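S.K.: Below you will find the structure I want to go over with you.
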Amino acid sequence: MPDSNPETALYVVSTPIGHLEDITLRAIRTLQEVRLIAAEDTRVTRVLLTRYNIQTPLVSYHAHNALEKSPLLLARLKEGQSVALVSDAGTPLLSDPGQVLVDMAVREGIPVRPVPGASALLAALVVSGLESARFHFTGFLPRKEPDCLREIKALSRLRSTLVFYESPRRVDRTIALLAKGLGDRPAVLCRELTKAFETVRRGTLFSFRDQGTGEPPKGEWTLLVGGLTDTGREEKIHNPEDILRAMEGISLAASDKARLLSRLSGIPRNEAYGLVSRTDT
């Protein structure tokens with residue numbers, strides 16, 4: 001077997017993203033046999049280990065101590081001890097800690113072996129209904145709005161499904177920025193996959209922007225957006241003021257005019273209504 005000697009490798013082990021039964025037999029065996037488990041949050045991983053009666057010692061390894069802990073873990077590997085790397089949920093390195101340690105192990109010629117399993121990215125992709133043969137995983141977009149919009153612009157010409165992670169506190173802001181940069185495209189929001197309150201919501205960037213997620217502010221989201229289509233059916237972003245000038249003389253209620261302006265320009269409905277109100281007075 002390729003991992004018959006667990007004393008000589010760094011194992012990157014996927015763990016459940018929610019339901020504790022979503023773990024492979026090989027992952028359980030690996031976590032039992034290694035000398036040490038490097039965990040993003042030892043309290044979270046302890047729940048999984050207790051469930052499967054795994055007694056292997058744990059050490060904390062997360063984004064804030066990676067530079068400090070990686071050399072120590074590398075030393076254990078050089079001594080011939082096996083180490084398993086896990087994140088709180090899913091597959092390490094996918095917007096989770098681990099890159100520093102894996103890079104060091106590779107440079108030192110230490111085998112790095114995957115123990116595949118659950119991934120929020122793949123779970124969301126296969127239930128989304130969007131194209132799964134081609135996709136681009138971005139993870140978390142930049143927090144600063146100018147940086148975020150620049151990255152969205154760079155992604156706007158991709159024909160593959162776009163996949164993002166986002167926190168519950170920033171998901172509405174991110175959807176608004178995606179709507180601004182991409183226009184109205186099919187979108188799917190996934191949260192708590194495999195858990196009791198699993199949520200999969202399908203709509204468009206504009207509908208989610210205008211209506212919100214409709215969910216309580218907890219639980220990390222996976223957001224999927226359709227790629228650029230051959231027919232170019234995604235909405236083209238226009239200057240709102242130019243659209244308003246073109247609409248002069250058209251007899252529409254302010255609310256209907258705002259709805260049309262929002263649809264054509266990509267700006268939020270409340271902002272469109274404010275522009276219409278100022279123009280009509």
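In the structure tokens, the first chain shown is A, the next is B, and so on; residue numbers restart at 1 for each chain, and ligands run from 1 in the order shown.
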Name all residues at most 7 Å from Ile23 in chain A (count only C-alpha atoms; drop same-chain ones fewer than 5 positions away) and give them as a PyMOL selection string.
M.R.: chain A and resi 15-16+117
S.K.: Using DSSP assignments from the backbone, pull out every residue in range 27-172 of chain A that falls under helix (DSSP H, G or I) and give it to me as a count of residues only.
M.R.: 61
S.K.: Env of Gln99 in chain A: 12 Å cut, atoms = only C-alpha atoms, seq-sep filter 3 positions within chain, self excluded. Answer as a list in words.
M.R.: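 My reading of the contact set: Val12, Tyr61, His62, Ala63, Ala66, Leu67, Ser70, Leu85, Val86, Ser87, Thr91, Pro92, Leu93, Leu94, Ser95, Asp96, Val102, Asp103, Met104, Ala105, Val106 and Val112 of chain A.
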S.K.: Apply DSSP to the structure's backbone, then extract all residues of range 74-132 of chain A labelled strand (DSSP E or B) and return them as a VMD selection string.
M.R.: chain A and resid 83 to 86 90 112 to 115
S.K.: Give me the range 67-186 of chain A side of the contact with range 259-262 of chain A, cut-off 12 Å, one line per residue showing its nearest atom pair and distance in Å at one decimal, counting only C-alpha atoms, sorted by chain and residue number, as JSON lines.
M.R.:
```
{"residue": "A:Ala176", "atom": "CA", "partner": "A:Ser262", "partner_atom": "CA", "distance": 11.7}
{"residue": "A:Ala179", "atom": "CA", "partner": "A:Ser262", "partner_atom": "CA", "distance": 10.5}
{"residue": "A:Lys180", "atom": "CA", "partner": "A:Ser262", "partner_atom": "CA", "distance": 10.3}
{"residue": "A:Gly183", "atom": "CA", "partner": "A:Ser262", "partner_atom": "CA", "distance": 10.4}
{"residue": "A:Asp184", "atom": "CA", "partner": "A:Ser262", "partner_atom": "CA", "distance": 10.4}
```
S.K.: For Gln211 in chain A, which residue out of A:Leu264, A:Leu158, A:Arg269, A:Ser167 is the nearest one, using only C-alpha atoms?
M.R.: A:Arg269
S.K.: When you look at range 191-201 of chain A with a cut-off of 7 Å (counting only C-alpha atoms), what residues show up, excluding the ones that are within fewer than 2 positions of it in the same chain? I need them as a PyMOL selection string.
M.R.: chain A and resi 18-19+188-189+203+219-222
S.K.: Please produce an output containing C-alpha atoms for each residue in the selection, written as a PDB file, in the first residue's frame.
M.R.:
```pdb
ATOM      1  CA  GLY A  18     -20.290  18.613   9.210  1.00  0.00           C
ATOM      2  CA  HIS A  19     -21.627  15.094   9.541  1.00  0.00           C
ATOM      3  CA  VAL A 188     -26.066  29.433  -5.664  1.00  0.00           C
ATOM      4  CA  LEU A 189     -25.552  29.876  -1.924  1.00  0.00           C
ATOM      5  CA  GLY A 203     -31.114  32.470  -7.694  1.00  0.00           C
ATOM      6  CA  GLY A 219     -22.231  29.568   9.322  1.00  0.00           C
ATOM      7  CA  GLU A 220     -19.688  30.074   6.558  1.00  0.00           C
ATOM      8  CA  TRP A 221     -21.092  30.303   3.020  1.00  0.00           C
ATOM      9  CA  THR A 222     -19.909  28.726  -0.207  1.00  0.00           C
TER      10      THR A 222
END
```
S.K.: Could you make a table, as a tab-separated table, of the residues of range 88-177 of chain A that have an atom within 12 Å of an atom of range 43-49 of chain A, each with its nearest atom pair and distance in Å to one decimal, counting only C-alpha atoms, in chain and number order?
M.R.:
```
residue	atom	partner	partner_atom	distance
A:Asp88	CA	A:Val44	CA	6.1
A:Ala89	CA	A:Thr45	CA	8.6
A:Gly90	CA	A:Thr45	CA	11.5
```
S.K.: Report the distance between CA of Asp172 in chain A and CA of Ala187 in chain A in Å, rounded to one decimal place.
M.R.: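 That distance, rounded to one decimal, is 13.0 Å.
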S.K.: Please provide as a list of chain:residue names all residues within 8 Å of range 139-149 of chain A, with the sequence filter that same-chain residues fewer than 4 positions apart are discarded (counting only C-alpha atoms).
M.R.: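 Here the answer would be A:Leu94, A:Ser95, A:Lys153, A:Val163, A:Phe164, A:Tyr165, A:Glu166, A:Leu177, A:Leu178, A:Gly181.
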S.K.: Those residues with C-alpha atoms, as a JSON list (two decimals), in the first residue's frame please?
M.R.:
```
[["chain", "number", "residue", "atom", "x", "y", "z"],
["A", 94, "LEU", "CA", -8.14, 25.02, 0.67],
["A", 95, "SER", "CA", -8.51, 28.41, 2.39],
["A", 153, "LYS", "CA", -12.83, 42.17, -12.86],
["A", 163, "VAL", "CA", -16.52, 29.42, -6.38],
["A", 164, "PHE", "CA", -15.97, 31.59, -3.30],
["A", 165, "TYR", "CA", -15.97, 31.17, 0.46],
["A", 166, "GLU", "CA", -17.41, 33.95, 2.60],
["A", 177, "LEU", "CA", -19.72, 43.66, -5.24],
["A", 178, "LEU", "CA", -20.04, 40.57, -7.45],
["A", 181, "GLY", "CA", -18.57, 43.62, -11.25]]
```
S.K.: Taking into account only C-alpha atoms, which residue in the set A:Ile152, A:Leu74, A:Leu162, A:Ala84 is nearest to Arg134 in chain A?
M.R.: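 Closest to Arg134 in chain A, using only C-alpha atoms: A:Leu162.
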S.K.: As an exercise, work out the distance from CA of Lys218 in chain A to CA of Glu40 in chain A in Å and give it to one decimal place.
M.R.: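 Here the two named atoms are 19.7 Å from each other.
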S.K.: Grab the CA of Ala253 in chain A to CA of Asn239 in chain A distance for me, in Å with one decimal place.
M.R.: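 Spanning CA of Ala253 in chain A to CA of Asn239 in chain A is a straight-line distance of 20.8 Å.
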S.K.: Restricting the calculation to only C-alpha atoms: of A:Gly109, A:Pro114, A:Pro71, A:Pro97, which residue gets closest to Val13 in chain A?
M.R.: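 So, comparing all the options, the nearest one is A:Pro114.
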S.K.: Name the residues in contact with Leu31 in chain A at a cut-off of 8 Å, using only C-alpha atoms, excluding same-chain residues fewer than 6 positions from it; report them as a list in words.
M.R.: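 Near Leu31 in chain A, the qualifying residues are Ile37, Ile54, Thr56 and Ala84 of chain A.
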S.K.: Could the residues in this selection be saved with N, CA and C atoms as a PDB file, in the first residue's frame?
M.R.:
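File written: out.pdb
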```pdb
ATOM      1  N   ILE A  37      -0.874  14.745  15.565  1.00  0.00           N
ATOM      2  CA  ILE A  37      -1.846  15.386  14.687  1.00  0.00           C
ATOM      3  C   ILE A  37      -1.741  16.897  14.862  1.00  0.00           C
ATOM      4  N   ILE A  54      -9.864   7.819  19.033  1.00  0.00           N
ATOM      5  CA  ILE A  54      -8.487   8.007  18.578  1.00  0.00           C
ATOM      6  C   ILE A  54      -7.717   8.745  19.675  1.00  0.00           C
ATOM      7  N   THR A  56      -4.370   9.691  19.596  1.00  0.00           N
ATOM      8  CA  THR A  56      -3.146  10.342  19.124  1.00  0.00           C
ATOM      9  C   THR A  56      -3.026  11.764  19.688  1.00  0.00           C
ATOM     10  N   ALA A  84       0.096  13.982  10.975  1.00  0.00           N
ATOM     11  CA  ALA A  84      -1.114  14.219  10.190  1.00  0.00           C
ATOM     12  C   ALA A  84      -1.508  15.678  10.329  1.00  0.00           C
TER      13      ALA A  84
END
```
